[in-house]
Amino acid sequence: MDVRLGSVRSGWLAASILSCLAAIGSSVAGAEVGTNELAQRGRYLAIAGDCGGCHTRPEGGKAFAGGYEITSPVGAIYSTNITSSSIAGIGSYSEAQFSRALREGIRRDGAHLYPAMPYTAYAKLSDEDVRALYVYFTQSVQAVDEQPRVTRLPFPFNLRMSMSIWNALFLSTARFTPDPRRSDEWNRGAYLAEALEHCGACHTPRNALMAEQSRRQFAGTRVGGWYAPNITSDPVSGIGAWPRDELVQYLKTGALHGKAQAAGGMAEAVGDSLQYLTSQDLRALATYLLSVSPIRDQSDSRARDAWGAPVEHEAELRGRPTTAGSAQPEGNALYSGNCASCHQPTGAGTADDSYPALFHNTATGARHADNLVAAILFGVDREVGGRHVFMPRFDATSYVQPLDDSEVATLANYVLQEFGNPTVHVTIDDVAAARSRGFAKWLVQVTEGLLIFAGFALVTLGLWTLGRRRRAHP
Amino acid sequence: MSVRRFNNGDADADLVVVGSGVVGALIAEQMAGAQRSVLILEAGPRLDRAQVVENWRNLNFQQRVGSDFQSLYPQSPLATAPLEFPPNGYVLLTGKNGDSFHQGYIRAVGGTTWHWAASCWRHLPVDFQMRAKYGVGRDWPISYSDLEPYYCRAEEAMGVSGPNDPALQSPTERSRPYPNDMIPWAHGDTRVAEIVNPHGYRSVPIPQGRAVRPWKRRPACCGNNNCQPICPIGAMYNAIHTVQAAEAKGATVLAESVVYAIDTDANNRVTAVRWYDRNRQSHRATGRAFVIACNALETPRLLLMAANAQNPSGIANRSDQVGRNLMDHSGFHCTFLASDPLWLGRGPAQSSCLVGSRDGSFRSEYSANKIILNNISRVGPATQQALKRGLTGTALRDEIRRRTIHGVDLSISLEPLPAPQNRLTLSKTRHDALGLPCPDVNYELDDYVHRGYDAAAQQLRHIGSLFNAVEFEVTTSLNANNHMMGSTVMGFDPKDSVVDGDCRAHDHPNLWLPGGGPMPSASVVNSTLTMAALGLKCADSVQRALEHA
């Protein structure tokens with residue numbers, strides 16, 4: 001259970017998800033539903049959209065009371081209070097005002113929201129679902145009358161109207177339209193993936209202006225220090241070879257024995273949101289994902305979960321002084337000293353999968369070693385089904401052993417050579433770059449890009465206006 | 001607030017802490033968090049966990065079986081710790097029981113909690129009143145209830161897992177539950193408790209500074225079973241975690257900085273300490289408050305060697321009690337093979353303990369005891385024993401297996417009383433690499449302890465019979481348990497004690513000497529949690545003093 005959701009919520013979430021299955025079914029037909037059922041559906045949708053991921057402060061924040069700090073190079077953005085409080089929250093919003101904020105990024109007072117709020121994805125939400133979310137937030141969510149810290153960015157980023165330029169270029173206000181040639185299940189999956197779970201936010205590469213490239217949907221891209229991999233249906237570069245049931249299990253638990261483990265942003269997505277989806281919705285999501293046009297990277301010769309085998313060097317290591325802790329540590333010494341206690345000297349992990357194998361593991365088999373490096377630097381932290389999977393971090397704040405860039409590179413290369421894709425090489429600069437990109441949410445990265453864009457756009461506009469005036473009044 | 005550093009290497013801070021073990025680190029973290037500039041001077045080097053882990057794995061069999069938990073830790077040549085493989089003679093032991101006082105401690109950033117069992121016991125309330133209740137030993141100037149809130153804070157800081165069922169607690173007087181419930185027992189702990197508890201031995205879970213779930217930035221314990229000499233994954237609390245937390249709050253740590261002198265002013269306030277850096281250059285750290293938290297051997301050694309014109313018998317030593325009243329849980333072992341396999345050696349190194357004789361009216365006559373069911377894998381000793389029988393091949397393997405799963409090792413702790421003749425003094429002939437005097441220790445145990453041994457040995461024979469023990473052996477010589485206490489003893493009266501109930505030196509209003517040294521009674525339980533609690537109480541005292549300054 002993610003700390004941000006609070007452990008109390010797990011019980012009723014499970015119960016409410018079961019009970020709202022029926023509500024979802026009946027609402028599809030557009031039948032009149034009671035407020036209570038609507039609110040229950042809204043609660044489910046809020047989880048699917050991971051509203052709490054940003055609007056609930058980690059480590060003890062009250063649900064949806066905001067105040068979560070998203071750091072960007074131009075300053076801190078604080079998430080807002082979206083509880084039913086009419087003083088500090090959105091309790092006095094009309095449904096139309098709520099909808100506008102959600103799908104167009106425009107606040108009740110007309111000010112533009114910063115794009116840390118993923119309104120470009122929520123724009124696809126159906127009217128029924130927006131209503132359900134509205135009823136849930138304004139009637140069921142406990143009011144918290146505390147105003148979180150207010151975002152105050154420096155000029156020119158404080159001019160929220162600058163967002164209108166980007167919106168005009170990239171915000172599509174079109175609702176999701178089902179494809180009549182596809183099954184209901186497929187359409188449900190597409191709706192979940194695009195409008196609610198916003199998979200593309202991480203997995204689809206963006207253009208220079210930070211808009212998703214629809215032609216490269218789900219082809220994989222870098223997110224902070226992590227890499228959101230290709231999740232198209234290509235059997236080599238993507239996940240097309242994964243049976244649907246396995247994909248469902250991965251989405252539900254964040255772990256698939258002998259294939260992959262969710263870390264970074266995906267661990268949050270599973271922990272905050274995906275694990276609570278109904279099996280019906282998870283199957284729909286998987287059906288849709290496995291249908292997405294395959295995108296093959298020609299340099300991929302083998303699926304990223306199909307590299308490596310157990311290796312044992314224990315006997316040759318023993319009885320000689322270790323190089324761990326020296327100026328030039330060897331990879332096997334670093335691996336043995338830092339990793340082998342859990343992942344085992346053979347890299348096979350443990351039989352009960354408490355510690356995954358390092359071969360047949362997407363983190364070590366991928367063409368991009370970002371996730372291997374990021375897992376070493378930032379660790380793995382995933383709470384699913386009451387189970388907390390936690391690999392400690394090895395960056396400068398590590399309580400186990402801080403490793404420097406050179407040590408991380410040596411260690412990563414050892415793991416790649418011994419257990420993973422030996423054609424991949426990590427440089428010291430790669431590690432330094434990953435360290436500085438940090439454990440960023442996709443929102444942070446997108447926000448950074450957008451804000452910088454907006455700033456430049458505004459400055460350009462200002463200079464242009466100034467130039468015109470000068471010409472007009474010589 | 002950051003420490004001021006000068007071009008010549010000198011420094012100035014609100015608080016100067018000497019020693020970066022659990023006690024010094026907790027105080028440094030609290031004060032750095034209170035926006036004070038904090039300088040930590042540590043004699044030893046910074047350690048690399050992976051290097052220590054690999055050194056342990058590469059250690060030869062004799063040292064591993066001999067529980068050499070010292071040699072694998074890199075040392076500064078200018079600040080050696082006691083070594084036994086081979087002996088480096090750093091501490092000279094004299095007296096009738098000098099051989100029972102071979103203490104192991106680490107001089108490095110993070111201190112000796114790098115290699116402890118993480119047992120986090122509290123003293124019993126009555127342990128604070130040994131003189132008043134039993135007419136022996138010394139009373140503390142503070143009560144259990146004075147220290148109880150600090151025990152809670154120490155347990156929180158160290159992430160202790162302990163039994164929240166009062167029936168399994170020792171003591172039961174608690175104002176807060178443990179941060180984590182007890183580490184689940186393995187088969188051996190459960191089976192032994194089932195067998196011995198009907199006879200009053202009261203086997204209970206040991207509160208431990210580790211957890212079976214992730215705790216703060218520490219991963220869950222995965223049962224490597226070598227807590228001593230090194231937790232390979234950082235699941236066990238090591239003070240290095242607190243050192244890092246203090247650094248994150250702005251504290252400065254200078255490793256390989258050996259403090260050797262203490263300057264005082266006309267009012268006997270401490271004005272500075274002086275230290276040697278790794279190049280033997282001397283520097284001076286001035287400050288408003290000073291904490292010396294080296295351990296109960298190195299702290300009195302420093303106080304004595306820092307004698308100055310105004311304090312000719314040593315800093316804080318007008319009472320002549322610095323270095324005296326040295327205690328340790330002088331202990332012994334009982335080993336046997338149980339008729340049924342117990343499968344000990346899975347999970348943490350220590351997990352359950354018999355506390356039925358922690359307290360009782362007998363304490364007016366003889367020492368209490370605790371009997372730890374040692375949970376360190378028996379494969380090493382089993383191998384030695386099997387090899388002695390000249391076995392080879394499958395027979396050897398089978399015998400190692402048999403001895404490992406049937407083998408039991410009980411570690412018994414006794415409670416010495418504080419005695420002035422048990423003391424640390426400075427050697428007049430032996431010096432370390434910096435020319436600083438090495439410590440001499442005189443240690444003699446009286447009949448209080450010997451009678452306690454006899455009582456415990458009788459209990460052990462009974463316990464052995466409950467397991468149909470064969471090869472039942474009880475060691476007759478006492479061994480050290482590395483729980484040094486008493487050498488800067490606390491009390492009300494400046495004439496017969498060194499510090500007050502806040503670990504503040506009677507002689508110097510801005511000097512604190514927290515840790516094991518101030519403890520006037522040893523109890524029979526591991527001293528670290530009490531040291532940490534005293535450290536936090538000291539931190540509050542330092543904080544108040546700096547606020548009023």
# chains A, B, ... in the order shown; residues from 1 in each chain; ligands from 1

$ closest_atom_pairs --of "chain A" --to "chain B" --cutoff "10 Å" --atoms "only C-alpha atoms" --output "tab-separated table"
residue	atom	partner	partner_atom	distance
A:Leu317	CA	B:Asn58	CA	8.4
A:Arg318	CA	B:Asn58	CA	5.5
A:Gly319	CA	B:Asn58	CA	5.0
A:Arg320	CA	B:Asn58	CA	6.7
A:Pro321	CA	B:Asn55	CA	7.1
A:Thr322	CA	B:Glu54	CA	6.1
A:Thr323	CA	B:Gln51	CA	7.4
A:Ala324	CA	B:Gln51	CA	4.7
A:Gly325	CA	B:Gln51	CA	5.1
A:Ser326	CA	B:Gln51	CA	8.2
A:Pro329	CA	B:Gln51	CA	9.6
A:Ala333	CA	B:Glu54	CA	7.5
A:Leu334	CA	B:Ala50	CA	6.8
A:Tyr335	CA	B:Ala50	CA	8.7
A:Ser336	CA	B:Glu54	CA	7.2
A:Gly337	CA	B:Ala50	CA	4.0
A:Asn338	CA	B:Ala50	CA	5.4
A:Cys339	CA	B:Ile233	CA	8.2
A:Ala340	CA	B:Pro232	CA	9.1
A:Ser341	CA	B:Pro232	CA	6.5
A:Cys342	CA	B:Cys222	CA	7.4
A:Ser354	CA	B:Cys222	CA	9.2
A:Tyr355	CA	B:Cys222	CA	9.6
A:Gly379	CA	B:Arg217	CA	9.9
A:Asp381	CA	B:Pro214	CA	9.4
A:Arg387	CA	B:Arg213	CA	8.9
A:His388	CA	B:Arg213	CA	7.2
A:Val389	CA	B:Pro214	CA	8.0
A:Phe390	CA	B:Pro219	CA	6.1
A:Met391	CA	B:Pro219	CA	6.4
A:Pro392	CA	B:Pro219	CA	5.9
A:Arg393	CA	B:Arg217	CA	8.1
A:Ala396	CA	B:Gln244	CA	9.6
A:Thr397	CA	B:Gln244	CA	7.5
A:Ser398	CA	B:Arg217	CA	7.6
A:Tyr399	CA	B:His241	CA	5.6
A:Val400	CA	B:Gly234	CA	4.6
A:Gln401	CA	B:Arg49	CA	6.0
A:Pro402	CA	B:Asp48	CA	8.4
A:Leu403	CA	B:Asp48	CA	9.3

$ closest_atom_pairs --of "region 151-236 of chain A" --to "region 94-107 of chain A" --cutoff "9 Å" --atoms "only C-alpha atoms" --output "JSON lines"
{"residue": "A:Asn167", "atom": "CA", "partner": "A:Glu104", "partner_atom": "CA", "distance": 8.4}
{"residue": "A:Leu171", "atom": "CA", "partner": "A:Glu104", "partner_atom": "CA", "distance": 7.8}
{"residue": "A:Ser172", "atom": "CA", "partner": "A:Glu104", "partner_atom": "CA", "distance": 8.9}
{"residue": "A:Thr173", "atom": "CA", "partner": "A:Glu104", "partner_atom": "CA", "distance": 7.2}

$ write_last_selection --atoms "C-alpha atoms" --output "short mmCIF file (atom, residue, chain, number, x, y, z; two decimals), in the first residue's frame"
data_model
loop_
_atom_site.label_atom_id
_atom_site.label_comp_id
_atom_site.auth_asym_id
_atom_site.auth_seq_id
_atom_site.Cartn_x
_atom_site.Cartn_y
_atom_site.Cartn_z
CA ASN A 167 -2.76 24.45 -25.26
CA LEU A 171 -4.39 20.23 -26.42
CA SER A 172 -7.00 18.16 -28.15
CA THR A 173 -10.37 18.52 -26.53
#

$ select_by_dssp --residues "region 223-343 of chain B" --states "strand (DSSP E or B)" --output "ChimeraX atom specification"
/B:252-254,258-264,270-276,282-292,327,331-337

$ residues_around --residues "Tyr366 (chain B)" --least-positions-apart "6" --cutoff "8 Å" --atoms "only C-alpha atoms" --output "list in words"
Asp447, Tyr448, Val449, His450, Arg451 and Gly452 of chain B

$ residues_around --residues "region 251-257 of chain A" --least-positions-apart "3" --cutoff "9 Å" --atoms "only C-alpha atoms" --output "list of chain:residue names"
A:Glu246, A:Leu247, A:Val248, A:Ala260, A:Gln261, A:Ala262, A:Ala263, A:Met266, A:Ala267, A:Ala269, A:Val270, A:Gly271, A:Leu274, A:Gln275, A:Tyr276, A:Leu277, A:Ser279, A:Leu282, A:Ala286, A:Asp353, A:Pro356, A:Ala357, A:His360, A:Asn361, A:Arg382, A:Glu383, A:Val384, A:Gly385

$ residues_around --residues "Leu513 (chain B)" --least-positions-apart "4" --cutoff "9 Å" --atoms "only C-alpha atoms" --output "list of chain:residue names"
B:Phe290, B:Val291, B:Ile292, B:Ala293, B:Cys294, B:Thr299, B:Thr488, B:Val498, B:Val499, B:Asp502, B:Cys503, B:Arg504, B:Ala505, B:Gly517, B:Pro518, B:Gly535, B:Cys538

$ write_last_selection --atoms "N, CA and C atoms" --output "PDB file, in the first residue's frame"
ATOM      1  N   PHE B 290      30.573  20.658  24.287  1.00  0.00           N
ATOM      2  CA  PHE B 290      31.434  19.539  23.901  1.00  0.00           C
ATOM      3  C   PHE B 290      30.844  18.230  24.413  1.00  0.00           C
ATOM      4  N   VAL B 291      30.784  17.272  23.525  1.00  0.00           N
ATOM      5  CA  VAL B 291      30.321  15.943  23.900  1.00  0.00           C
ATOM      6  C   VAL B 291      31.445  14.961  23.593  1.00  0.00           C
ATOM      7  N   ILE B 292      31.814  14.170  24.583  1.00  0.00           N
ATOM      8  CA  ILE B 292      32.805  13.121  24.336  1.00  0.00           C
ATOM      9  C   ILE B 292      32.094  11.785  24.482  1.00  0.00           C
ATOM     10  N   ALA B 293      31.966  11.096  23.361  1.00  0.00           N
ATOM     11  CA  ALA B 293      31.191   9.849  23.321  1.00  0.00           C
ATOM     12  C   ALA B 293      31.999   8.815  22.555  1.00  0.00           C
ATOM     13  N   CYS B 294      33.115   8.414  23.127  1.00  0.00           N
ATOM     14  CA  CYS B 294      34.035   7.514  22.409  1.00  0.00           C
ATOM     15  C   CYS B 294      33.715   6.059  22.709  1.00  0.00           C
ATOM     16  N   THR B 299      36.762   7.025  26.147  1.00  0.00           N
ATOM     17  CA  THR B 299      36.418   8.306  26.784  1.00  0.00           C
ATOM     18  C   THR B 299      37.272   8.555  28.028  1.00  0.00           C
ATOM     19  N   THR B 488      32.677   6.502  33.586  1.00  0.00           N
ATOM     20  CA  THR B 488      32.456   7.930  33.892  1.00  0.00           C
ATOM     21  C   THR B 488      31.123   8.007  34.627  1.00  0.00           C
ATOM     22  N   VAL B 498      31.142  11.214  38.262  1.00  0.00           N
ATOM     23  CA  VAL B 498      31.763  12.061  37.230  1.00  0.00           C
ATOM     24  C   VAL B 498      30.737  12.960  36.555  1.00  0.00           C
ATOM     25  N   VAL B 499      29.539  12.405  36.306  1.00  0.00           N
ATOM     26  CA  VAL B 499      28.518  13.178  35.579  1.00  0.00           C
ATOM     27  C   VAL B 499      27.191  13.124  36.334  1.00  0.00           C
ATOM     28  N   ASP B 502      22.107  13.916  33.380  1.00  0.00           N
ATOM     29  CA  ASP B 502      22.090  14.268  31.961  1.00  0.00           C
ATOM     30  C   ASP B 502      23.421  13.938  31.285  1.00  0.00           C
ATOM     31  N   CYS B 503      24.279  13.233  31.983  1.00  0.00           N
ATOM     32  CA  CYS B 503      25.631  12.900  31.508  1.00  0.00           C
ATOM     33  C   CYS B 503      26.518  14.136  31.400  1.00  0.00           C
ATOM     34  N   ARG B 504      26.143  15.181  32.138  1.00  0.00           N
ATOM     35  CA  ARG B 504      26.918  16.419  32.108  1.00  0.00           C
ATOM     36  C   ARG B 504      27.982  16.343  33.197  1.00  0.00           C
ATOM     37  N   ALA B 505      29.221  16.689  32.837  1.00  0.00           N
ATOM     38  CA  ALA B 505      30.327  16.565  33.784  1.00  0.00           C
ATOM     39  C   ALA B 505      30.096  17.492  34.965  1.00  0.00           C
ATOM     40  N   GLY B 517      29.668   4.788  29.726  1.00  0.00           N
ATOM     41  CA  GLY B 517      30.452   5.235  30.870  1.00  0.00           C
ATOM     42  C   GLY B 517      29.624   5.687  32.067  1.00  0.00           C
ATOM     43  N   PRO B 518      28.576   6.470  31.855  1.00  0.00           N
ATOM     44  CA  PRO B 518      27.792   6.951  32.996  1.00  0.00           C
ATOM     45  C   PRO B 518      26.949   5.889  33.699  1.00  0.00           C
ATOM     46  N   GLY B 535      22.081   9.119  25.527  1.00  0.00           N
ATOM     47  CA  GLY B 535      22.564  10.079  24.533  1.00  0.00           C
ATOM     48  C   GLY B 535      21.498  11.092  24.163  1.00  0.00           C
ATOM     49  N   CYS B 538      20.931  13.409  26.987  1.00  0.00           N
ATOM     50  CA  CYS B 538      22.059  14.347  26.940  1.00  0.00           C
ATOM     51  C   CYS B 538      21.834  15.400  25.860  1.00  0.00           C
TER      52      CYS B 538
END

$ atom_distance --atom1 "CA of Arg288 (chain B)" --atom2 "CA of Thr113 (chain B)"
28.1 Å

$ select_by_dssp --residues "region 265-406 of chain A" --states "helix (DSSP H, G or I)" --output "PyMOL selection string"
chain A and resi 265-276+279-289+314-317+331-338+340-343+362-365+370-378+405-406

$ write_last_selection --atoms "N, CA and C atoms" --output "short mmCIF file (atom, residue, chain, number, x, y, z; two decimals), in the first residue's frame"
data_model
loop_
_atom_site.label_atom_id
_atom_site.label_comp_id
_atom_site.auth_asym_id
_atom_site.auth_seq_id
_atom_site.Cartn_x
_atom_site.Cartn_y
_atom_site.Cartn_z
N GLY A 265 8.67 5.07 -11.90
CA GLY A 265 7.30 5.52 -12.12
C GLY A 265 6.32 4.38 -12.29
N MET A 266 6.78 3.25 -12.84
CA MET A 266 5.86 2.13 -13.03
C MET A 266 5.49 1.51 -11.68
N ALA A 267 6.42 1.53 -10.74
CA ALA A 267 6.10 1.03 -9.40
C ALA A 267 5.02 1.90 -8.77
N GLU A 268 5.10 3.20 -9.02
CA GLU A 268 4.06 4.10 -8.51
C GLU A 268 2.73 3.82 -9.21
N ALA A 269 2.79 3.63 -10.53
CA ALA A 269 1.56 3.39 -11.27
C ALA A 269 0.86 2.13 -10.77
N VAL A 270 1.65 1.07 -10.54
CA VAL A 270 1.05 -0.17 -10.04
C VAL A 270 0.57 0.02 -8.60
N GLY A 271 1.42 0.62 -7.79
CA GLY A 271 1.09 0.76 -6.37
C GLY A 271 -0.08 1.68 -6.11
N ASP A 272 -0.12 2.79 -6.83
CA ASP A 272 -1.18 3.79 -6.60
C ASP A 272 -2.47 3.42 -7.29
N SER A 273 -2.34 2.79 -8.47
CA SER A 273 -3.50 2.73 -9.35
C SER A 273 -3.80 1.34 -9.88
N LEU A 274 -2.89 0.80 -10.67
CA LEU A 274 -3.21 -0.42 -11.43
C LEU A 274 -3.63 -1.59 -10.55
N GLN A 275 -3.02 -1.74 -9.38
CA GLN A 275 -3.35 -2.91 -8.56
C GLN A 275 -4.81 -2.89 -8.13
N TYR A 276 -5.44 -1.72 -8.15
CA TYR A 276 -6.82 -1.63 -7.69
C TYR A 276 -7.84 -1.78 -8.82
N SER A 279 -10.23 -7.05 -12.37
CA SER A 279 -9.57 -7.98 -13.32
C SER A 279 -10.12 -7.76 -14.72
N GLN A 280 -11.40 -7.41 -14.78
CA GLN A 280 -12.02 -7.14 -16.08
C GLN A 280 -11.31 -5.97 -16.78
N ASP A 281 -11.07 -4.91 -16.01
CA ASP A 281 -10.39 -3.74 -16.59
C ASP A 281 -8.94 -4.06 -16.93
N LEU A 282 -8.27 -4.84 -16.07
CA LEU A 282 -6.88 -5.18 -16.36
C LEU A 282 -6.79 -6.02 -17.63
N ARG A 283 -7.75 -6.95 -17.78
CA ARG A 283 -7.76 -7.77 -19.01
C ARG A 283 -7.99 -6.88 -20.22
N ALA A 284 -8.90 -5.90 -20.07
CA ALA A 284 -9.18 -4.98 -21.17
C ALA A 284 -7.92 -4.17 -21.53
N LEU A 285 -7.25 -3.70 -20.49
CA LEU A 285 -6.04 -2.91 -20.71
C LEU A 285 -4.99 -3.75 -21.44
N ALA A 286 -4.82 -4.98 -20.99
CA ALA A 286 -3.84 -5.87 -21.62
C ALA A 286 -4.22 -6.17 -23.06
N THR A 287 -5.50 -6.41 -23.29
CA THR A 287 -5.97 -6.68 -24.66
C THR A 287 -5.62 -5.51 -25.57
N TYR A 288 -5.89 -4.33 -25.08
CA TYR A 288 -5.60 -3.15 -25.89
C TYR A 288 -4.09 -3.02 -26.13
N LEU A 289 -3.29 -3.12 -25.05
CA LEU A 289 -1.83 -2.93 -25.19
C LEU A 289 -1.24 -3.93 -26.17
N GLU A 314 32.08 -17.58 -7.26
CA GLU A 314 32.40 -17.51 -5.83
C GLU A 314 33.78 -18.11 -5.52
N ALA A 315 34.03 -19.29 -6.07
CA ALA A 315 35.28 -19.98 -5.71
C ALA A 315 36.51 -19.18 -6.12
N GLU A 316 36.46 -18.57 -7.29
CA GLU A 316 37.66 -17.83 -7.74
C GLU A 316 37.83 -16.51 -7.01
N LEU A 317 36.71 -16.01 -6.40
CA LEU A 317 36.79 -14.74 -5.67
C LEU A 317 37.45 -14.89 -4.31
N GLY A 331 34.44 -5.29 -10.90
CA GLY A 331 33.00 -5.51 -10.93
C GLY A 331 32.56 -6.66 -10.05
N ASN A 332 33.33 -7.75 -10.06
CA ASN A 332 32.88 -8.91 -9.27
C ASN A 332 32.95 -8.61 -7.77
N ALA A 333 33.91 -7.80 -7.36
CA ALA A 333 34.00 -7.44 -5.94
C ALA A 333 32.83 -6.53 -5.55
N LEU A 334 32.50 -5.60 -6.43
CA LEU A 334 31.37 -4.71 -6.15
C LEU A 334 30.07 -5.51 -6.12
N TYR A 335 29.94 -6.43 -7.06
CA TYR A 335 28.73 -7.24 -7.10
C TYR A 335 28.63 -8.11 -5.84
N SER A 336 29.72 -8.75 -5.51
CA SER A 336 29.70 -9.65 -4.35
C SER A 336 29.41 -8.88 -3.07
N GLY A 337 30.05 -7.73 -2.92
CA GLY A 337 29.90 -6.97 -1.68
C GLY A 337 28.57 -6.26 -1.55
N ASN A 338 28.02 -5.82 -2.66
CA ASN A 338 26.81 -4.99 -2.59
C ASN A 338 25.52 -5.71 -2.98
N ALA A 340 25.22 -9.50 -3.93
CA ALA A 340 25.07 -10.95 -3.88
C ALA A 340 24.33 -11.46 -2.65
N SER A 341 24.30 -10.66 -1.57
CA SER A 341 23.61 -11.13 -0.37
C SER A 341 22.12 -11.34 -0.65
N CYS A 342 21.56 -10.55 -1.54
CA CYS A 342 20.15 -10.72 -1.89
C CYS A 342 20.00 -11.44 -3.24
N HIS A 343 20.66 -10.95 -4.27
CA HIS A 343 20.48 -11.53 -5.60
C HIS A 343 21.28 -12.81 -5.80
N THR A 362 14.14 -7.65 -17.55
CA THR A 362 14.13 -6.54 -18.52
C THR A 362 15.11 -5.43 -18.14
N ALA A 363 15.41 -5.28 -16.85
CA ALA A 363 16.32 -4.21 -16.44
C ALA A 363 17.74 -4.48 -16.92
N THR A 364 18.12 -5.76 -17.07
CA THR A 364 19.49 -6.08 -17.48
C THR A 364 19.58 -6.50 -18.94
N GLY A 365 18.41 -6.71 -19.58
CA GLY A 365 18.44 -7.16 -20.97
C GLY A 365 18.11 -6.07 -21.97
N ASP A 370 19.30 2.29 -18.71
CA ASP A 370 18.81 3.30 -17.76
C ASP A 370 18.19 2.69 -16.51
N ASN A 371 17.34 1.66 -16.73
CA ASN A 371 16.62 1.12 -15.57
C ASN A 371 17.53 0.32 -14.64
N LEU A 372 18.57 -0.27 -15.18
CA LEU A 372 19.55 -0.94 -14.33
C LEU A 372 20.29 0.11 -13.49
N VAL A 373 20.74 1.16 -14.16
CA VAL A 373 21.48 2.21 -13.45
C VAL A 373 20.57 2.90 -12.43
N ALA A 374 19.34 3.19 -12.84
CA ALA A 374 18.42 3.89 -11.93
C ALA A 374 18.06 3.01 -10.73
N ALA A 375 17.90 1.69 -10.97
CA ALA A 375 17.59 0.80 -9.85
C ALA A 375 18.75 0.79 -8.86
N ILE A 376 19.98 0.81 -9.37
CA ILE A 376 21.14 0.85 -8.46
C ILE A 376 21.16 2.19 -7.71
N LEU A 377 20.95 3.27 -8.44
CA LEU A 377 21.05 4.60 -7.81
C LEU A 377 19.88 4.87 -6.87
N PHE A 378 18.67 4.60 -7.34
CA PHE A 378 17.48 5.04 -6.58
C PHE A 378 16.73 3.91 -5.89
N ASP A 405 30.01 7.40 -9.26
CA ASP A 405 29.63 7.14 -10.65
C ASP A 405 30.45 6.01 -11.26
N SER A 406 31.74 6.02 -10.95
CA SER A 406 32.62 5.01 -11.52
C SER A 406 32.25 3.62 -10.99
#

$ residues_around --residues "region 273-279 of chain B" --least-positions-apart "5" --cutoff "7 Å" --atoms "only C-alpha atoms" --output "PDB file with C-alpha atoms, in the first residue's frame"
ATOM      1  CA  GLU B 256      40.848   9.981  11.059  1.00  0.00           C
ATOM      2  CA  SER B 257      40.951  12.845  13.545  1.00  0.00           C
ATOM      3  CA  VAL B 258      42.347  11.719  16.887  1.00  0.00           C
ATOM      4  CA  VAL B 259      41.440  14.021  19.772  1.00  0.00           C
ATOM      5  CA  TYR B 260      44.176  14.072  22.391  1.00  0.00           C
ATOM      6  CA  ALA B 261      43.809  17.298  24.409  1.00  0.00           C
ATOM      7  CA  ILE B 262      41.073  19.376  25.993  1.00  0.00           C
ATOM      8  CA  ASP B 263      41.469  23.069  26.770  1.00  0.00           C
ATOM      9  CA  ARG B 284      42.045  22.860  17.380  1.00  0.00           C
ATOM     10  CA  ALA B 285      38.262  22.872  17.430  1.00  0.00           C
ATOM     11  CA  THR B 286      36.642  25.588  19.484  1.00  0.00           C
TER      12      THR B 286
END

$ atom_distance --atom1 "CA of Glu471 (chain B)" --atom2 "CA of Trp343 (chain B)"
17.4 Å

$ residues_around --residues "Gln139 (chain A)" --least-positions-apart "5" --cutoff "9 Å" --atoms "only C-alpha atoms" --output "PyMOL selection string"
chain A and resi 35+39+83-84+91+134
